[in-house]
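Trainee: Below are the structure tokens for one structure; questions will follow.
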Number of protein chains: 2
Amino acid sequence: MTTTHRSPALVADSVEAAVEALRERGLRASAARRLVLEALFGAEGPLSAERLAEGLEGRLPRSDLASVYRNLETLEEVGLVRHVHLGHGPGLYALAAPEHEYLVCESCHAVRSVAKEELDEIRGQVLERFGFEARFTHFPLVGLCPDCIEESRDHEGGPNAHP
Amino acid sequence: MTTTHRSPALVADSVEAAVEALRERGLRASAARRLVLEALFGAEGPLSAERLAEGLEGRLPRSDLASVYRNLETLEEVGLVRHVHLGHGPGLYALAAPEHEYLVCESCHAVRSVAKEELDEIRGQVLERFGFEARFTHFPLVGLCPDCIEESRDHEGGPNAHP
DNA sequence: ACGTAATTGCGAGTCGTTCGCAAAAACTAG
DNA sequence: CTAGTTTTTGCGAACGACTCGCAATTACGT
């Protein structure tokens with residue numbers, strides 16, 4: 001997770017296609033490499049390196065954690081993989097996919113992922129007001145989710161508010 | 001930095017006022033405690049626990065890192081202190097102040113802090129679209145700052161774009 | 001000044017991640 | 001297929017940012 005300059009995303013649609021992309025850059029298709037690729041292709045959401053190394057609860061052979069990290073890093077350099085930091089806890093990795101961004105609830109840690117375009121209007125506002133181009137792909141937009149807003153409304157002040 | 005439920009901010013305007021607030025809660029005004037308070041009152045921006053413990057490059061006596069963390073935690077529970085996670089690197093602590101939020105550049109790591117109200121319109125948009133109440137106080141809004149937008153525009157494609 | 005609970009300082013431990021390095025693959029050339 | 005060259009692996013150790021246990025202090029109420 002070294003702060004490497006973000007390379008353009010490279011969306012592969014199969015392990016073999018990804019391996020091909022690696023070969024084109026003079027990288028080798030080692031077993032360990034294929035393994036993390038397979039895991040990511042079979043995954044629902046983003047995964048921690050730890051879980052990858054552990055073989056996804058037995059669904060794949062386990063491998064060395066340091067190697068998993070190294071492979072994730074090189075796959076990320078190639079553009080095949082991206083990672084997010086959803087709050088505390090380990091970084092989470094996923095295949096590069098048509099861009100989406102994350103919203104995370106600070107209170108219950110619920111994660112919602114939305115298509116990039118859904119945030120474009122907000123991005124426009126931020127750009128206009130601050131000159132910043134907001135990106136919620138690597139670090140999410142953090143806040144309170146609907147449920148937790150409601151919950152905090154319930155508790156706020158409690159029975160003795162404004163006595 | 002345990003995930004403690006955020007207590008309401010308590011803005012003190014001097015070390016003594018802060019100490020008073022501690023006393024009211026049955027907490028003691030130890031030397032170590034005063035020290036971090038003094039450091040924070042004299043600080044420009046948010047500081048890491050490490051820097052606090054090291055005595056701010058000799059401007060204050062150095063103290064024990066674990067105690068600094070514990071004190072920051074209790075001060076935060078009281079509401080006198082807040083911390084932010086500006087990207088990778090350690091959490092940064094500051095006195096609770098009239099609310100402001102952070103924008104951080106993912107590329108050059110520049111930090112801009114803005115008054116809460118400046119983000120209210122954007123917050124409104126996010127709430128409307130996603131039901132999330134965005135908060136950029138604990139985790140910042142991450143993106144590209146004006147300079148880095150321009151820089152990326154310059155390099156994009158380069159001399160051989162669309163050959 | 002005394003007793004007692006809050007705090008400190010220290011060392012050790014944890015979690016997430018990175019590094020060094022020799023041994024083991026992978027690709028390439030012959 | 002065999003060697004040679006380079007990449008990659010697997011292991012253990014190290015690192016940064018914290019957190020914890022615990023005996024020794026210290027702050028405060030009386």
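Ordering of the structure tokens sets the chain letters (A, B, ...), residue numbers begin anew at 1 in every chain, and ligands are numbered from 1 in the order given.
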Got a sec to align chain B on chain A by every in-order Cα pair and hand back the fitted coordinates as a compact mmCIF listing (two decimals) with C-alpha atoms, in the first residue's frame?
Mentor:
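Full text of out_31.txt as output:
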```txt
# COMPACT_ATOMS: atom_id res chain seq x y z
CA MET B 1 0.04 0.04 0.06
CA THR B 2 2.93 2.32 -0.60
CA THR B 3 1.77 5.68 -1.89
CA THR B 4 2.25 4.81 -5.51
CA HIS B 5 0.98 7.12 -8.22
CA ARG B 6 -2.34 5.78 -9.34
CA SER B 7 -2.09 4.04 -12.69
CA PRO B 8 -5.09 3.98 -14.97
CA ALA B 9 -7.62 1.27 -14.26
CA LEU B 10 -7.43 -1.85 -16.36
CA VAL B 11 -10.63 -3.82 -16.21
CA ALA B 12 -10.12 -7.52 -16.94
CA ASP B 13 -13.02 -9.90 -17.14
CA SER B 14 -11.30 -13.15 -16.26
CA VAL B 15 -8.23 -14.45 -14.52
CA GLU B 16 -6.77 -15.36 -17.89
CA ALA B 17 -7.30 -11.88 -19.26
CA ALA B 18 -5.62 -10.47 -16.19
CA VAL B 19 -2.71 -12.85 -16.55
CA GLU B 20 -2.37 -11.79 -20.15
CA ALA B 21 -2.13 -8.18 -19.06
CA LEU B 22 0.60 -9.13 -16.63
CA ARG B 23 2.55 -10.97 -19.30
CA GLU B 24 2.39 -7.99 -21.57
CA ARG B 25 4.26 -6.04 -18.94
CA GLY B 26 6.93 -8.67 -18.43
CA LEU B 27 5.38 -9.84 -15.17
CA ARG B 28 5.06 -13.52 -14.39
CA ALA B 29 1.99 -15.57 -13.70
CA SER B 30 3.07 -17.27 -10.51
CA ALA B 31 0.79 -19.53 -8.55
CA ALA B 32 0.55 -17.00 -5.73
CA ARG B 33 -0.39 -14.29 -8.18
CA ARG B 34 -3.08 -16.39 -9.80
CA LEU B 35 -4.42 -17.16 -6.37
CA VAL B 36 -5.09 -13.60 -5.39
CA LEU B 37 -6.55 -12.97 -8.82
CA GLU B 38 -8.87 -15.94 -8.43
CA ALA B 39 -9.91 -14.84 -4.99
CA LEU B 40 -10.69 -11.36 -6.19
CA PHE B 41 -12.62 -12.59 -9.19
CA GLY B 42 -14.72 -14.76 -6.91
CA ALA B 43 -15.28 -12.09 -4.29
CA GLU B 44 -18.43 -10.21 -3.50
CA GLY B 45 -16.92 -7.06 -2.10
CA PRO B 46 -13.46 -5.76 -1.22
CA LEU B 47 -11.25 -8.06 0.84
CA SER B 48 -8.40 -7.58 3.27
CA ALA B 49 -4.95 -8.98 2.48
CA GLU B 50 -5.23 -11.02 5.64
CA ARG B 51 -8.35 -12.78 4.45
CA LEU B 52 -6.80 -13.38 1.05
CA ALA B 53 -3.72 -14.92 2.65
CA GLU B 54 -5.86 -17.13 4.82
CA GLY B 55 -7.45 -18.62 1.73
CA LEU B 56 -10.90 -17.14 2.26
CA GLU B 57 -11.88 -19.48 5.04
CA GLY B 58 -10.68 -22.58 3.28
CA ARG B 59 -12.14 -21.91 -0.13
CA LEU B 60 -8.65 -21.46 -1.55
CA PRO B 61 -5.19 -22.58 -0.44
CA ARG B 62 -3.63 -20.22 2.03
CA SER B 63 -0.56 -18.24 1.09
CA ASP B 64 2.07 -15.99 2.52
CA LEU B 65 0.80 -12.63 3.78
CA ALA B 66 3.83 -10.66 2.62
CA SER B 67 3.51 -12.11 -0.85
CA VAL B 68 -0.15 -11.30 -0.94
CA TYR B 69 0.67 -7.70 -0.12
CA ARG B 70 3.38 -7.59 -2.75
CA ASN B 71 1.10 -9.08 -5.34
CA LEU B 72 -1.73 -6.75 -4.53
CA GLU B 73 0.71 -3.90 -4.90
CA THR B 74 1.94 -4.97 -8.30
CA LEU B 75 -1.57 -5.76 -9.49
CA GLU B 76 -2.53 -2.31 -8.37
CA GLU B 77 0.37 -0.79 -10.25
CA VAL B 78 -0.77 -2.56 -13.35
CA GLY B 79 -4.21 -1.15 -12.77
CA LEU B 80 -6.00 -4.45 -12.30
CA VAL B 81 -6.66 -3.90 -8.61
CA ARG B 82 -7.68 -0.99 -6.38
CA HIS B 83 -7.90 -0.62 -2.63
CA VAL B 84 -10.05 1.42 -0.27
CA HIS B 85 -9.71 2.51 3.33
CA LEU B 86 -13.11 2.18 4.86
CA GLY B 87 -12.48 3.72 8.25
CA HIS B 88 -10.18 1.98 10.71
CA GLY B 89 -9.11 -1.59 10.06
CA PRO B 90 -7.09 -2.94 7.17
CA GLY B 91 -7.21 -1.69 3.61
CA LEU B 92 -9.58 -3.61 1.38
CA TYR B 93 -8.76 -4.76 -2.13
CA ALA B 94 -10.92 -5.42 -5.15
CA LEU B 95 -10.60 -5.81 -8.88
CA ALA B 96 -10.60 -2.57 -10.77
CA ALA B 97 -14.14 -2.17 -11.99
CA PRO B 98 -16.15 0.45 -13.78
CA GLU B 99 -15.64 3.29 -11.34
CA HIS B 100 -17.66 3.42 -8.20
CA GLU B 101 -17.23 5.26 -4.96
CA TYR B 102 -17.98 4.52 -1.33
CA LEU B 103 -20.11 6.01 1.39
CA VAL B 104 -19.47 4.71 4.89
CA CYS B 105 -21.47 5.20 8.04
CA GLU B 106 -19.31 6.44 10.84
CA SER B 107 -21.64 4.95 13.40
CA CYS B 108 -22.66 1.48 12.18
CA HIS B 109 -19.93 1.13 9.55
CA ALA B 110 -22.40 0.24 6.85
CA VAL B 111 -20.86 0.58 3.40
CA ARG B 112 -22.71 1.75 0.37
CA SER B 113 -21.06 1.76 -2.99
CA VAL B 114 -22.42 3.94 -5.74
CA ALA B 115 -21.57 4.52 -9.37
CA LYS B 116 -19.21 7.41 -9.97
CA GLU B 117 -21.83 9.34 -11.92
CA GLU B 118 -24.17 9.37 -8.98
CA LEU B 119 -21.71 11.63 -7.26
CA ASP B 120 -20.91 13.84 -10.19
CA GLU B 121 -23.30 16.59 -9.26
CA ILE B 122 -21.89 16.74 -5.75
CA ARG B 123 -18.41 16.62 -7.20
CA GLY B 124 -19.37 19.58 -9.29
CA GLN B 125 -20.50 21.53 -6.24
CA VAL B 126 -17.30 20.78 -4.38
CA LEU B 127 -15.24 21.81 -7.37
CA GLU B 128 -17.12 25.04 -7.69
CA ARG B 129 -16.89 25.97 -4.01
CA PHE B 130 -13.41 24.77 -3.16
CA GLY B 131 -11.61 23.97 -6.38
CA PHE B 132 -11.17 20.44 -5.07
CA GLU B 133 -12.02 17.47 -7.21
CA ALA B 134 -13.57 15.07 -4.73
CA ARG B 135 -12.71 11.38 -5.01
CA PHE B 136 -14.43 8.79 -2.85
CA THR B 137 -12.72 5.78 -4.36
CA HIS B 138 -9.69 5.47 -2.14
CA PHE B 139 -11.11 7.13 0.95
CA PRO B 140 -14.89 7.08 1.23
CA LEU B 141 -17.36 9.78 1.95
CA VAL B 142 -17.96 9.38 5.67
CA GLY B 143 -21.11 10.29 7.51
CA LEU B 144 -24.25 8.96 9.12
CA CYS B 145 -26.40 6.51 7.19
CA PRO B 146 -30.17 6.90 7.15
CA ASP B 147 -30.70 4.37 9.94
CA CYS B 148 -28.19 6.01 12.23
CA ILE B 149 -29.57 9.46 11.54
CA GLU B 150 -32.92 8.21 12.67
CA GLU B 151 -31.49 6.47 15.68
CA SER B 152 -29.68 9.58 16.77
CA ARG B 153 -32.89 11.54 16.33
CA ASP B 154 -34.67 9.10 18.65
CA HIS B 155 -32.08 9.36 21.41
CA GLU B 156 -31.36 13.02 21.08
CA GLY B 157 -32.29 14.83 24.26
CA GLY B 158 -34.21 11.78 25.40
CA PRO B 159 -37.21 11.94 27.75
CA ASN B 160 -35.70 14.85 29.67
CA ALA B 161 -34.82 17.22 26.87
CA HIS B 162 -35.34 20.82 27.91
CA PRO B 163 -36.47 19.98 31.48
```
Trainee: Extract the full set of helix (DSSP H, G or I) residues from range 54-126 of chain A according to DSSP on the backbone, and format it as number ranges by chain.
Mentor: A: 55-58, 65-78, 116-126
Trainee: Output the contact residues of chain D with respect to chain B at a cut-off of 10 Å, based on only C-alpha atoms (C1' of nucleotides), as a short mmCIF file (atom, residue, chain, number, x, y, z; two decimals) with N, CA, C and O atoms (P, O5', C5', C4', C3', O3' and C1' of nucleotides), in the first residue's frame.
Mentor:
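The result, stored in result-v7.cif:
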```
data_model
loop_
_atom_site.label_atom_id
_atom_site.label_comp_id
_atom_site.auth_asym_id
_atom_site.auth_seq_id
_atom_site.Cartn_x
_atom_site.Cartn_y
_atom_site.Cartn_z
P DG D 16 9.22 3.20 12.16
"O5'" DG D 16 7.68 3.58 12.04
"C5'" DG D 16 7.02 3.54 10.77
"C4'" DG D 16 5.53 3.60 11.01
"C3'" DG D 16 5.12 4.67 12.02
"O3'" DG D 16 3.91 5.22 11.55
"C1'" DG D 16 4.47 2.55 12.82
P DA D 17 3.31 6.50 12.28
"O5'" DA D 17 2.17 5.80 13.17
"C5'" DA D 17 1.01 5.36 12.53
"C4'" DA D 17 0.07 4.70 13.52
"C3'" DA D 17 -0.26 5.56 14.76
"O3'" DA D 17 -1.62 5.32 15.13
"C1'" DA D 17 0.59 3.54 15.44
P DC D 18 -2.48 6.53 15.65
"O5'" DC D 18 -2.62 6.37 17.20
"C5'" DC D 18 -1.83 5.46 17.89
"C4'" DC D 18 -2.49 4.10 17.98
"C3'" DC D 18 -3.24 3.90 19.27
"O3'" DC D 18 -4.46 3.23 19.05
"C1'" DC D 18 -1.45 2.33 19.10
P DT D 19 -5.52 3.28 20.27
"O5'" DT D 19 -5.13 2.07 21.23
"C5'" DT D 19 -5.30 0.75 20.76
"C4'" DT D 19 -4.89 -0.22 21.84
"C3'" DT D 19 -5.51 0.08 23.22
"O3'" DT D 19 -6.10 -1.14 23.65
"C1'" DT D 19 -3.18 -0.24 23.41
P DC D 20 -6.90 -1.23 25.02
"O5'" DC D 20 -5.98 -2.13 25.96
"C5'" DC D 20 -5.15 -3.12 25.36
"C4'" DC D 20 -4.32 -3.82 26.43
"C3'" DC D 20 -4.87 -3.70 27.86
"O3'" DC D 20 -4.68 -4.96 28.49
"C1'" DC D 20 -2.68 -2.80 27.75
P DT D 26 5.86 11.23 42.07
"O5'" DT D 26 4.33 11.65 42.03
"C5'" DT D 26 3.67 11.71 40.77
"C4'" DT D 26 2.24 12.14 40.95
"C3'" DT D 26 2.07 13.39 41.82
"O3'" DT D 26 1.20 14.22 41.09
"C1'" DT D 26 0.61 11.68 42.53
P DA D 27 0.98 15.74 41.47
"O5'" DA D 27 -0.59 15.68 41.66
"C5'" DA D 27 -1.40 15.30 40.56
"C4'" DA D 27 -2.85 15.20 41.00
"C3'" DA D 27 -3.37 16.44 41.71
"O3'" DA D 27 -4.64 16.72 41.14
"C1'" DA D 27 -3.56 14.52 43.13
P DC D 28 -5.35 18.10 41.38
"O5'" DC D 28 -6.32 17.77 42.61
"C5'" DC D 28 -7.43 16.94 42.36
"C4'" DC D 28 -7.90 16.27 43.65
"C3'" DC D 28 -8.55 17.22 44.66
"O3'" DC D 28 -9.94 16.92 44.68
"C1'" DC D 28 -7.14 15.59 45.70
#
```
Trainee: Name the residues in contact with DA24 in chain C at a cut-off of 10 Å, using only C-alpha atoms (C1' of nucleotides), excluding same-chain residues fewer than 5 positions from it; report them as a PDB file with N, CA, C and O atoms (P, O5', C5', C4', C3', O3' and C1' of nucleotides), in the first residue's frame.
Mentor:
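Result went into out27.pdb, see below:
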```
ATOM      1  P    DT D   8       7.767 -10.699 -11.090  1.00  0.00           P
ATOM      2  O5'  DT D   8       7.740 -11.743  -9.869  1.00  0.00           O
ATOM      3  C5'  DT D   8       7.474 -13.092 -10.167  1.00  0.00           C
ATOM      4  C4'  DT D   8       7.484 -13.929  -8.912  1.00  0.00           C
ATOM      5  C3'  DT D   8       6.767 -13.326  -7.698  1.00  0.00           C
ATOM      6  O3'  DT D   8       5.709 -14.219  -7.362  1.00  0.00           O
ATOM      7  C1'  DT D   8       8.876 -14.229  -7.082  1.00  0.00           C
ATOM      8  P    DT D   9       5.001 -14.163  -5.981  1.00  0.00           P
ATOM      9  O5'  DT D   9       5.892 -15.145  -5.123  1.00  0.00           O
ATOM     10  C5'  DT D   9       5.799 -16.531  -5.404  1.00  0.00           C
ATOM     11  C4'  DT D   9       6.577 -17.332  -4.391  1.00  0.00           C
ATOM     12  C3'  DT D   9       5.928 -17.336  -3.015  1.00  0.00           C
ATOM     13  O3'  DT D   9       5.761 -18.712  -2.630  1.00  0.00           O
ATOM     14  C1'  DT D   9       8.235 -16.706  -2.893  1.00  0.00           C
ATOM     15  P    DG D  10       4.631 -19.060  -1.623  1.00  0.00           P
ATOM     16  O5'  DG D  10       5.452 -19.116  -0.261  1.00  0.00           O
ATOM     17  C5'  DG D  10       6.556 -20.020  -0.170  1.00  0.00           C
ATOM     18  C4'  DG D  10       7.392 -19.751   1.074  1.00  0.00           C
ATOM     19  C3'  DG D  10       6.596 -19.466   2.346  1.00  0.00           C
ATOM     20  O3'  DG D  10       7.103 -20.356   3.335  1.00  0.00           O
ATOM     21  C1'  DG D  10       8.251 -17.778   2.007  1.00  0.00           C
TER      22       DG D  10
END
```
Trainee: Given a cut-off of 9 Å, which residues of chain C touch chain B, counting only C-alpha atoms (C1' of nucleotides), written out as a count of residues only?
Mentor: 5
Trainee: Please extract the residues of range 52-125 of chain B with a backbone DSSP assignment of strand (DSSP E) and present them as a list in words.
Mentor: Val81, Arg82, His83, Val84, Leu92, Tyr93, Ala94, Leu95, His100, Glu101, Tyr102, Leu103, Val104, Cys105, Val111, Arg112, Ser113, Val114 and Ala115 of chain B
Trainee: Could you write out that same residue set with N, CA and C atoms as a JSON list (two decimals), in the first residue's frame?
Mentor:
```json
[["chain", "number", "residue", "atom", "x", "y", "z"],
["B", 81, "VAL", "N", -11.19, 17.81, 23.18],
["B", 81, "VAL", "CA", -10.27, 17.51, 22.09],
["B", 81, "VAL", "C", -10.97, 16.69, 21.02],
["B", 82, "ARG", "N", -10.52, 16.81, 19.80],
["B", 82, "ARG", "CA", -11.01, 16.01, 18.67],
["B", 82, "ARG", "C", -9.81, 15.51, 17.89],
["B", 83, "HIS", "N", -10.00, 14.43, 17.15],
["B", 83, "HIS", "CA", -8.91, 14.02, 16.26],
["B", 83, "HIS", "C", -9.41, 13.76, 14.86],
["B", 84, "VAL", "N", -8.52, 13.88, 13.91],
["B", 84, "VAL", "CA", -8.81, 13.64, 12.49],
["B", 84, "VAL", "C", -7.83, 12.63, 11.92],
["B", 92, "LEU", "N", -4.38, 12.90, 14.09],
["B", 92, "LEU", "CA", -3.93, 14.22, 14.52],
["B", 92, "LEU", "C", -4.96, 14.83, 15.44],
["B", 93, "TYR", "N", -4.45, 15.42, 16.53],
["B", 93, "TYR", "CA", -5.33, 15.91, 17.59],
["B", 93, "TYR", "C", -5.32, 17.43, 17.68],
["B", 94, "ALA", "N", -6.46, 17.98, 18.02],
["B", 94, "ALA", "CA", -6.56, 19.43, 18.21],
["B", 94, "ALA", "C", -7.63, 19.72, 19.23],
["B", 95, "LEU", "N", -7.59, 20.91, 19.79],
["B", 95, "LEU", "CA", -8.65, 21.34, 20.69],
["B", 95, "LEU", "C", -9.96, 21.37, 19.95],
["B", 100, "HIS", "N", -15.26, 22.80, 12.26],
["B", 100, "HIS", "CA", -14.75, 22.96, 10.92],
["B", 100, "HIS", "C", -14.49, 21.58, 10.36],
["B", 101, "GLU", "N", -14.34, 21.51, 9.07],
["B", 101, "GLU", "CA", -14.15, 20.22, 8.43],
["B", 101, "GLU", "C", -12.94, 20.29, 7.52],
["B", 102, "TYR", "N", -12.47, 19.12, 7.07],
["B", 102, "TYR", "CA", -11.22, 19.09, 6.32],
["B", 102, "TYR", "C", -11.39, 18.59, 4.90],
["B", 103, "LEU", "N", -10.64, 19.20, 4.02],
["B", 103, "LEU", "CA", -10.47, 18.70, 2.66],
["B", 103, "LEU", "C", -9.00, 18.35, 2.51],
["B", 104, "VAL", "N", -8.70, 17.19, 1.97],
["B", 104, "VAL", "CA", -7.31, 16.79, 1.81],
["B", 104, "VAL", "C", -7.04, 16.39, 0.38],
["B", 105, "CYS", "N", -5.90, 16.82, -0.13],
["B", 105, "CYS", "CA", -5.53, 16.44, -1.48],
["B", 105, "CYS", "C", -4.83, 15.09, -1.45],
["B", 111, "VAL", "N", -3.78, 20.19, 3.06],
["B", 111, "VAL", "CA", -4.96, 20.16, 3.91],
["B", 111, "VAL", "C", -5.62, 21.52, 3.89],
["B", 112, "ARG", "N", -6.90, 21.52, 3.65],
["B", 112, "ARG", "CA", -7.63, 22.77, 3.77],
["B", 112, "ARG", "C", -8.72, 22.57, 4.80],
["B", 113, "SER", "N", -8.83, 23.49, 5.72],
["B", 113, "SER", "CA", -9.91, 23.33, 6.70],
["B", 113, "SER", "C", -10.92, 24.45, 6.48],
["B", 114, "VAL", "N", -12.16, 24.07, 6.49],
["B", 114, "VAL", "CA", -13.21, 25.05, 6.20],
["B", 114, "VAL", "C", -14.28, 25.00, 7.28],
["B", 115, "ALA", "N", -14.95, 26.11, 7.47],
["B", 115, "ALA", "CA", -16.02, 26.15, 8.45],
["B", 115, "ALA", "C", -17.13, 25.19, 8.02]]
```
